[in-house]
>>> print(open('input.pdb').read())   # PDB, N, CA and C atoms
ATOM      1  N   MET A   1      -3.346   9.709  -0.621
ATOM      2  CA  MET A   1      -3.200   9.508  -2.030
ATOM      3  C   MET A   1      -4.413   8.733  -2.506
ATOM      4  N   GLN A   2      -4.912   9.113  -3.678
ATOM      5  CA  GLN A   2      -6.073   8.458  -4.263
ATOM      6  C   GLN A   2      -5.881   8.328  -5.765
ATOM      7  N   SER A   3      -6.545   7.340  -6.343
ATOM      8  CA  SER A   3      -6.540   7.250  -7.801
ATOM      9  C   SER A   3      -7.765   7.993  -8.328
ATOM     10  N   ASP A   4      -7.620   8.542  -9.523
ATOM     11  CA  ASP A   4      -8.689   9.314 -10.156
ATOM     12  C   ASP A   4      -8.865   8.788 -11.574
ATOM     13  N   PRO A   5     -10.007   8.150 -11.875
ATOM     14  CA  PRO A   5     -10.200   7.572 -13.205
ATOM     15  C   PRO A   5     -10.260   8.616 -14.317
ATOM     16  N   HIS A   6     -10.470   9.888 -13.973
ATOM     17  CA  HIS A   6     -10.585  10.940 -14.986
ATOM     18  C   HIS A   6      -9.308  11.764 -15.141
ATOM     19  N   ALA A   7      -8.339  11.567 -14.264
ATOM     20  CA  ALA A   7      -7.097  12.355 -14.315
ATOM     21  C   ALA A   7      -6.206  11.887 -15.456
ATOM     22  N   THR A   8      -5.465  12.825 -16.015
ATOM     23  CA  THR A   8      -4.491  12.496 -17.058
ATOM     24  C   THR A   8      -3.060  12.667 -16.560
ATOM     25  N   GLU A   9      -2.900  13.262 -15.369
ATOM     26  CA  GLU A   9      -1.584  13.437 -14.770
ATOM     27  C   GLU A   9      -1.728  13.539 -13.252
ATOM     28  N   ILE A  10      -0.608  13.439 -12.553
ATOM     29  CA  ILE A  10      -0.598  13.549 -11.095
ATOM     30  C   ILE A  10      -0.949  14.990 -10.715
ATOM     31  N   TYR A  11      -1.775  15.140  -9.681
ATOM     32  CA  TYR A  11      -2.067  16.479  -9.168
ATOM     33  C   TYR A  11      -2.387  16.414  -7.680
ATOM     34  N   ALA A  12      -2.318  17.561  -7.022
ATOM     35  CA  ALA A  12      -2.611  17.634  -5.591
ATOM     36  C   ALA A  12      -3.638  18.726  -5.334
ATOM     37  N   THR A  13      -4.407  18.527  -4.263
ATOM     38  CA  THR A  13      -5.354  19.547  -3.808
ATOM     39  C   THR A  13      -5.085  19.828  -2.333
ATOM     40  N   TYR A  14      -5.529  21.004  -1.893
ATOM     41  CA  TYR A  14      -5.437  21.370  -0.476
ATOM     42  C   TYR A  14      -6.798  21.908  -0.064
ATOM     43  N   GLU A  15      -7.508  21.140   0.758
ATOM     44  CA  GLU A  15      -8.832  21.536   1.227
ATOM     45  C   GLU A  15      -8.992  21.142   2.687
ATOM     46  N   ASN A  16      -9.557  22.035   3.480
ATOM     47  CA  ASN A  16      -9.813  21.765   4.902
ATOM     48  C   ASN A  16      -8.565  21.249   5.620
ATOM     49  N   CYS A  17      -7.444  21.910   5.379
ATOM     50  CA  CYS A  17      -6.167  21.558   6.018
ATOM     51  C   CYS A  17      -5.681  20.153   5.659
ATOM     52  N   THR A  18      -6.094  19.643   4.510
ATOM     53  CA  THR A  18      -5.695  18.304   4.074
ATOM     54  C   THR A  18      -5.123  18.367   2.662
ATOM     55  N   ILE A  19      -3.937  17.804   2.486
ATOM     56  CA  ILE A  19      -3.337  17.676   1.156
ATOM     57  C   ILE A  19      -3.672  16.285   0.640
ATOM     58  N   THR A  20      -4.228  16.224  -0.571
ATOM     59  CA  THR A  20      -4.518  14.942  -1.208
ATOM     60  C   THR A  20      -3.811  14.912  -2.554
ATOM     61  N   VAL A  21      -3.081  13.845  -2.809
ATOM     62  CA  VAL A  21      -2.401  13.657  -4.086
ATOM     63  C   VAL A  21      -3.199  12.628  -4.876
ATOM     64  N   PHE A  22      -3.480  12.956  -6.131
ATOM     65  CA  PHE A  22      -4.252  12.085  -7.006
ATOM     66  C   PHE A  22      -3.366  11.568  -8.132
ATOM     67  N   LEU A  23      -3.534  10.293  -8.456
ATOM     68  CA  LEU A  23      -2.836   9.672  -9.581
ATOM     69  C   LEU A  23      -3.869   9.201 -10.586
ATOM     70  N   PRO A  24      -3.567   9.306 -11.882
ATOM     71  CA  PRO A  24      -4.453   8.676 -12.851
ATOM     72  C   PRO A  24      -4.591   7.190 -12.507
ATOM     73  N   GLU A  25      -5.791   6.668 -12.617
ATOM     74  CA  GLU A  25      -6.067   5.309 -12.152
ATOM     75  C   GLU A  25      -5.125   4.266 -12.753
ATOM     76  N   GLN A  26      -4.927   4.300 -14.063
ATOM     77  CA  GLN A  26      -4.064   3.300 -14.700
ATOM     78  C   GLN A  26      -2.614   3.465 -14.259
ATOM     79  N   MET A  27      -2.163   4.699 -14.081
ATOM     80  CA  MET A  27      -0.802   4.948 -13.600
ATOM     81  C   MET A  27      -0.624   4.358 -12.202
ATOM     82  N   ALA A  28      -1.617   4.545 -11.342
ATOM     83  CA  ALA A  28      -1.547   4.016  -9.975
ATOM     84  C   ALA A  28      -1.450   2.495  -9.984
ATOM     85  N   LYS A  29      -2.255   1.847 -10.814
ATOM     86  CA  LYS A  29      -2.227   0.378 -10.897
ATOM     87  C   LYS A  29      -0.879  -0.112 -11.406
ATOM     88  N   SER A  30      -0.374   0.509 -12.453
ATOM     89  CA  SER A  30       0.915   0.098 -13.029
ATOM     90  C   SER A  30       2.049   0.303 -12.037
ATOM     91  N   TRP A  31       2.070   1.451 -11.381
ATOM     92  CA  TRP A  31       3.136   1.783 -10.440
ATOM     93  C   TRP A  31       3.133   0.841  -9.248
ATOM     94  N   ALA A  32       1.953   0.532  -8.725
ATOM     95  CA  ALA A  32       1.850  -0.321  -7.532
ATOM     96  C   ALA A  32       2.395  -1.722  -7.763
ATOM     97  N   THR A  33       2.348  -2.199  -8.991
ATOM     98  CA  THR A  33       2.782  -3.568  -9.284
ATOM     99  C   THR A  33       4.113  -3.627 -10.017
ATOM    100  N   SER A  34       4.785  -2.494 -10.168
ATOM    101  CA  SER A  34       6.061  -2.472 -10.891
ATOM    102  C   SER A  34       7.225  -2.290  -9.924
ATOM    103  N   ALA A  35       8.432  -2.350 -10.468
ATOM    104  CA  ALA A  35       9.643  -2.112  -9.680
ATOM    105  C   ALA A  35       9.965  -0.620  -9.580
ATOM    106  N   GLN A  36       9.197   0.213 -10.272
ATOM    107  CA  GLN A  36       9.428   1.655 -10.225
ATOM    108  C   GLN A  36       9.197   2.162  -8.804
ATOM    109  N   ILE A  37      10.142   2.924  -8.274
ATOM    110  CA  ILE A  37      10.070   3.374  -6.885
ATOM    111  C   ILE A  37       9.271   4.664  -6.739
ATOM    112  N   GLY A  38       9.468   5.623  -7.623
ATOM    113  CA  GLY A  38       8.824   6.914  -7.428
ATOM    114  C   GLY A  38       8.201   7.499  -8.678
ATOM    115  N   LEU A  39       7.349   8.485  -8.448
ATOM    116  CA  LEU A  39       6.718   9.262  -9.510
ATOM    117  C   LEU A  39       6.895  10.729  -9.145
ATOM    118  N   GLU A  40       7.024  11.584 -10.146
ATOM    119  CA  GLU A  40       7.133  13.002  -9.837
ATOM    120  C   GLU A  40       6.511  13.851 -10.927
ATOM    121  N   ARG A  41       6.134  15.051 -10.532
ATOM    122  CA  ARG A  41       5.531  16.013 -11.452
ATOM    123  C   ARG A  41       5.599  17.394 -10.823
ATOM    124  N   GLU A  42       5.687  18.414 -11.644
ATOM    125  CA  GLU A  42       5.566  19.788 -11.171
ATOM    126  C   GLU A  42       4.199  20.301 -11.592
ATOM    127  N   GLN A  43       3.409  20.731 -10.605
ATOM    128  CA  GLN A  43       2.056  21.220 -10.840
ATOM    129  C   GLN A  43       2.060  22.742 -10.762
ATOM    130  N   ILE A  44       1.536  23.398 -11.778
ATOM    131  CA  ILE A  44       1.425  24.856 -11.769
ATOM    132  C   ILE A  44       0.329  25.235 -10.780
ATOM    133  N   ILE A  45       0.657  26.140  -9.845
ATOM    134  CA  ILE A  45      -0.330  26.529  -8.831
ATOM    135  C   ILE A  45      -0.712  28.009  -8.931
ATOM    136  N   GLY A  46      -0.270  28.667  -9.969
ATOM    137  CA  GLY A  46      -0.664  30.054 -10.192
ATOM    138  C   GLY A  46       0.413  31.044  -9.807
ATOM    139  N   GLU A  47       0.253  32.256 -10.335
ATOM    140  CA  GLU A  47       1.169  33.360 -10.065
ATOM    141  C   GLU A  47       2.626  32.988 -10.325
ATOM    142  N   GLY A  48       2.854  32.174 -11.357
ATOM    143  CA  GLY A  48       4.212  31.777 -11.716
ATOM    144  C   GLY A  48       4.852  30.779 -10.779
ATOM    145  N   LYS A  49       4.076  30.171  -9.905
ATOM    146  CA  LYS A  49       4.610  29.218  -8.933
ATOM    147  C   LYS A  49       4.245  27.792  -9.322
ATOM    148  N   THR A  50       5.125  26.863  -8.904
ATOM    149  CA  THR A  50       4.854  25.446  -9.131
ATOM    150  C   THR A  50       5.008  24.680  -7.820
ATOM    151  N   LEU A  51       4.338  23.553  -7.768
ATOM    152  CA  LEU A  51       4.418  22.640  -6.631
ATOM    153  C   LEU A  51       5.047  21.355  -7.138
ATOM    154  N   LYS A  52       6.183  20.966  -6.572
ATOM    155  CA  LYS A  52       6.838  19.736  -6.992
ATOM    156  C   LYS A  52       6.276  18.581  -6.175
ATOM    157  N   LEU A  53       5.733  17.596  -6.867
ATOM    158  CA  LEU A  53       5.158  16.413  -6.234
ATOM    159  C   LEU A  53       6.105  15.241  -6.444
ATOM    160  N   LEU A  54       6.495  14.584  -5.376
ATOM    161  CA  LEU A  54       7.342  13.399  -5.435
ATOM    162  C   LEU A  54       6.697  12.341  -4.556
ATOM    163  N   ILE A  55       6.348  11.230  -5.159
ATOM    164  CA  ILE A  55       5.680  10.140  -4.451
ATOM    165  C   ILE A  55       6.592   8.928  -4.541
ATOM    166  N   GLU A  56       6.911   8.337  -3.397
ATOM    167  CA  GLU A  56       7.781   7.165  -3.369
ATOM    168  C   GLU A  56       7.143   6.049  -2.558
ATOM    169  N   LYS A  57       7.448   4.833  -2.954
ATOM    170  CA  LYS A  57       6.962   3.673  -2.211
ATOM    171  C   LYS A  57       7.632   3.617  -0.844
ATOM    172  N   ASP A  58       6.894   3.170   0.146
ATOM    173  CA  ASP A  58       7.404   3.018   1.508
ATOM    174  C   ASP A  58       7.827   1.563   1.675
ATOM    175  N   PHE A  59       9.143   1.323   1.774
ATOM    176  CA  PHE A  59       9.664  -0.040   1.872
ATOM    177  C   PHE A  59       9.772  -0.505   3.316
ATOM    178  N   GLN A  60       9.644  -1.801   3.502
ATOM    179  CA  GLN A  60       9.894  -2.394   4.808
ATOM    180  C   GLN A  60      11.366  -2.190   5.149
ATOM    181  N   CYS A  61      11.639  -1.949   6.407
ATOM    182  CA  CYS A  61      13.002  -1.727   6.863
ATOM    183  C   CYS A  61      13.751  -3.057   6.929
ATOM    184  N   LEU A  62      15.050  -3.017   6.714
ATOM    185  CA  LEU A  62      15.871  -4.222   6.801
ATOM    186  C   LEU A  62      16.342  -4.485   8.226
ATOM    187  N   THR A  63      16.128  -3.531   9.107
ATOM    188  CA  THR A  63      16.493  -3.666  10.513
ATOM    189  C   THR A  63      15.234  -3.947  11.320
ATOM    190  N   VAL A  64      15.321  -4.846  12.275
ATOM    191  CA  VAL A  64      14.165  -5.171  13.108
ATOM    192  C   VAL A  64      13.744  -3.935  13.893
ATOM    193  N   ARG A  65      12.476  -3.606  13.808
ATOM    194  CA  ARG A  65      11.911  -2.460  14.527
ATOM    195  C   ARG A  65      10.616  -2.936  15.182
ATOM    196  N   PRO A  66      10.679  -3.480  16.386
ATOM    197  CA  PRO A  66       9.531  -4.139  17.008
ATOM    198  C   PRO A  66       8.297  -3.259  17.190
ATOM    199  N   ASP A  67       8.456  -1.971  17.333
ATOM    200  CA  ASP A  67       7.305  -1.093  17.553
ATOM    201  C   ASP A  67       6.759  -0.475  16.269
ATOM    202  N   GLU A  68       7.251  -0.908  15.130
ATOM    203  CA  GLU A  68       6.860  -0.329  13.847
ATOM    204  C   GLU A  68       5.942  -1.291  13.099
ATOM    205  N   ASP A  69       4.771  -0.806  12.678
ATOM    206  CA  ASP A  69       3.862  -1.614  11.861
ATOM    207  C   ASP A  69       4.194  -1.365  10.396
ATOM    208  N   GLU A  70       4.798  -2.339   9.757
ATOM    209  CA  GLU A  70       5.173  -2.225   8.351
ATOM    210  C   GLU A  70       4.342  -3.168   7.486
ATOM    211  N   SER A  71       3.182  -3.567   7.983
ATOM    212  CA  SER A  71       2.370  -4.569   7.296
ATOM    213  C   SER A  71       1.877  -4.114   5.928
ATOM    214  N   ASP A  72       1.762  -2.806   5.705
ATOM    215  CA  ASP A  72       1.301  -2.341   4.399
ATOM    216  C   ASP A  72       2.426  -1.725   3.565
ATOM    217  N   ASN A  73       3.675  -1.915   3.994
ATOM    218  CA  ASN A  73       4.822  -1.411   3.234
ATOM    219  C   ASN A  73       5.192  -2.395   2.129
ATOM    220  N   TYR A  74       5.856  -1.868   1.107
ATOM    221  CA  TYR A  74       6.354  -2.721   0.031
ATOM    222  C   TYR A  74       7.562  -3.508   0.528
ATOM    223  N   PRO A  75       7.760  -4.730   0.029
ATOM    224  CA  PRO A  75       8.970  -5.474   0.386
ATOM    225  C   PRO A  75      10.203  -4.685  -0.075
ATOM    226  N   HIS A  76      11.226  -4.665   0.747
ATOM    227  CA  HIS A  76      12.449  -3.935   0.402
ATOM    228  C   HIS A  76      13.161  -4.685  -0.722
ATOM    229  N   PRO A  77      13.558  -3.988  -1.801
ATOM    230  CA  PRO A  77      14.205  -4.669  -2.928
ATOM    231  C   PRO A  77      15.523  -5.348  -2.567
ATOM    232  N   ASP A  78      16.206  -4.881  -1.527
ATOM    233  CA  ASP A  78      17.482  -5.476  -1.141
ATOM    234  C   ASP A  78      17.328  -6.642  -0.166
ATOM    235  N   ALA A  79      16.135  -6.903   0.313
ATOM    236  CA  ALA A  79      15.930  -7.973   1.299
ATOM    237  C   ALA A  79      16.313  -9.339   0.737
ATOM    238  N   ALA A  80      16.057  -9.569  -0.534
ATOM    239  CA  ALA A  80      16.334 -10.871  -1.146
ATOM    240  C   ALA A  80      17.826 -11.162  -1.258
ATOM    241  N   VAL A  81      18.646 -10.122  -1.315
ATOM    242  CA  VAL A  81      20.091 -10.330  -1.464
ATOM    243  C   VAL A  81      20.834 -10.159  -0.150
ATOM    244  N   GLY A  82      20.106  -9.983   0.946
ATOM    245  CA  GLY A  82      20.710  -9.950   2.269
ATOM    246  C   GLY A  82      21.416  -8.673   2.652
ATOM    247  N   HIS A  83      21.151  -7.565   1.968
ATOM    248  CA  HIS A  83      21.776  -6.293   2.339
ATOM    249  C   HIS A  83      21.234  -5.799   3.662
ATOM    250  N   LYS A  84      22.074  -5.143   4.412
ATOM    251  CA  LYS A  84      21.679  -4.548   5.686
ATOM    252  C   LYS A  84      21.556  -3.037   5.510
ATOM    253  N   ALA A  85      20.471  -2.479   5.966
ATOM    254  CA  ALA A  85      20.280  -1.032   5.892
ATOM    255  C   ALA A  85      20.979  -0.359   7.062
ATOM    256  N   THR A  86      21.504   0.827   6.825
ATOM    257  CA  THR A  86      22.143   1.577   7.901
ATOM    258  C   THR A  86      21.321   2.793   8.293
ATOM    259  N   ASN A  87      20.270   3.101   7.532
ATOM    260  CA  ASN A  87      19.496   4.306   7.813
ATOM    261  C   ASN A  87      18.141   4.014   8.445
ATOM    262  N   CYS A  88      17.946   2.859   9.029
ATOM    263  CA  CYS A  88      16.662   2.506   9.632
ATOM    264  C   CYS A  88      16.802   2.307  11.127
ATOM    265  N   ALA A  89      17.537   3.169  11.770
ATOM    266  CA  ALA A  89      17.735   3.034  13.224
ATOM    267  C   ALA A  89      16.425   3.251  13.952
ATOM    268  N   SER A  90      16.254   2.536  15.046
ATOM    269  CA  SER A  90      15.021   2.706  15.823
ATOM    270  C   SER A  90      15.144   3.864  16.774
TER     271      SER A  90
END
>>> encode(input="input.pdb", output="structure tokens")
Amino acid sequence: MQSDPHATEIYATYENCTITVFLPEQMAKSWATSAQIGLEREQIIGEGKTLKLLIEKDFQCLTVRPDEDESDNYPHPDAAVGHKATNCAS
């Protein structure tokens, strides 16, 4: 994922076997610092087809996972209230 200062909406490209999702620069900055979890858009890809893009923040797990590097994950919103996750099994 990359920010694009010239983009007006979310879009994706596929080049050299790599998918890259681009966000308008201001949207990326606002989203990264807000409580909003996800962004989505349908991109027209031709011949009457669309590509649905859904981007969500990756939260730290509430269950201890010793072999998982979560150093760049967002803090889990439920961590402050002591909720236990049931879907983060190791």
>>> atom_distance(input="input.pdb", atom1="atom CA of A:Gly46", atom2="atom CA of A:His6")
22.1 Å
>>> resolve_selection(input="input.pdb", expression="the PyMOL selection byres ((chain A and resi 7) around 8)", output="list in words")
Ser3, Asp4, Pro5, His6, Thr8, Glu9, Ile10, Tyr11, Phe22, Leu23, Pro24, Glu25 and Gln26 of chain A
>>> residues_around(input="input.pdb", residues="A:Ile55", least_positions_apart="2", cutoff="8 Å", atoms="only N, CA and C atoms", output="VMD selection string")
chain A and resid 37 to 41 52 to 53 57 to 58
>>> atom_distance(input="input.pdb", atom1="atom C of A:Phe59", atom2="atom N of A:Ala28")
19.2 Å
>>> closest_residue(input="input.pdb", among="A:Gln60, A:Thr33, A:Gln2, A:Ser71", to="A:Thr20", atoms="all atoms listed in the file")
A:Gln2
>>> select_by_dssp(input="input.pdb", residues="chain A", states="helix (DSSP H, G or I)", output="list in words")
Glu25, Gln26, Met27, Ala28, Lys29, Ser30, Trp31, Ala32, Ala79, Ala80 and Val81 of chain A
>>> atom_distance(input="input.pdb", atom1="atom C of A:Glu42", atom2="atom CA of A:Leu54")
9.8 Å
>>> resolve_selection(input="input.pdb", expression="the PyMOL selection byres (((chain A and resi 76 and name CA) around 7) and name CA)", output="ChimeraX atom specification")
/A:59-61,74-75,77-79
>>> write_last_selection(input="input.pdb", atoms="N, CA and C atoms", output="PDB file, in the coordinates of the input")
ATOM      1  N   PHE A  59       9.143   1.323   1.774  1.00  0.00           N
ATOM      2  CA  PHE A  59       9.664  -0.040   1.872  1.00  0.00           C
ATOM      3  C   PHE A  59       9.772  -0.505   3.316  1.00  0.00           C
ATOM      4  N   GLN A  60       9.644  -1.801   3.502  1.00  0.00           N
ATOM      5  CA  GLN A  60       9.894  -2.394   4.808  1.00  0.00           C
ATOM      6  C   GLN A  60      11.366  -2.190   5.149  1.00  0.00           C
ATOM      7  N   CYS A  61      11.639  -1.949   6.407  1.00  0.00           N
ATOM      8  CA  CYS A  61      13.002  -1.727   6.863  1.00  0.00           C
ATOM      9  C   CYS A  61      13.751  -3.057   6.929  1.00  0.00           C
ATOM     10  N   TYR A  74       5.856  -1.868   1.107  1.00  0.00           N
ATOM     11  CA  TYR A  74       6.354  -2.721   0.031  1.00  0.00           C
ATOM     12  C   TYR A  74       7.562  -3.508   0.528  1.00  0.00           C
ATOM     13  N   PRO A  75       7.760  -4.730   0.029  1.00  0.00           N
ATOM     14  CA  PRO A  75       8.970  -5.474   0.386  1.00  0.00           C
ATOM     15  C   PRO A  75      10.203  -4.685  -0.075  1.00  0.00           C
ATOM     16  N   PRO A  77      13.558  -3.988  -1.801  1.00  0.00           N
ATOM     17  CA  PRO A  77      14.205  -4.669  -2.928  1.00  0.00           C
ATOM     18  C   PRO A  77      15.523  -5.348  -2.567  1.00  0.00           C
ATOM     19  N   ASP A  78      16.206  -4.881  -1.527  1.00  0.00           N
ATOM     20  CA  ASP A  78      17.482  -5.476  -1.141  1.00  0.00           C
ATOM     21  C   ASP A  78      17.328  -6.642  -0.166  1.00  0.00           C
ATOM     22  N   ALA A  79      16.135  -6.903   0.313  1.00  0.00           N
ATOM     23  CA  ALA A  79      15.930  -7.973   1.299  1.00  0.00           C
ATOM     24  C   ALA A  79      16.313  -9.339   0.737  1.00  0.00           C
TER      25      ALA A  79
END
>>> axis_aligned_box(input="input.pdb", around="stretch 58-75 of chain A", padding_each_side="3 Å", output="AutoDock Vina command-line options")
--center_x 8.9 --center_y -1.2 --center_z 8.7 --size_x 21.2 --size_y 14.6 --size_z 23.6
>>> select_by_dssp(input="input.pdb", residues="chain A", states="strand (DSSP E or B)", output="PyMOL selection string")
chain A and resi 2-4+11-15+18-24+38-46+49-56+59+74
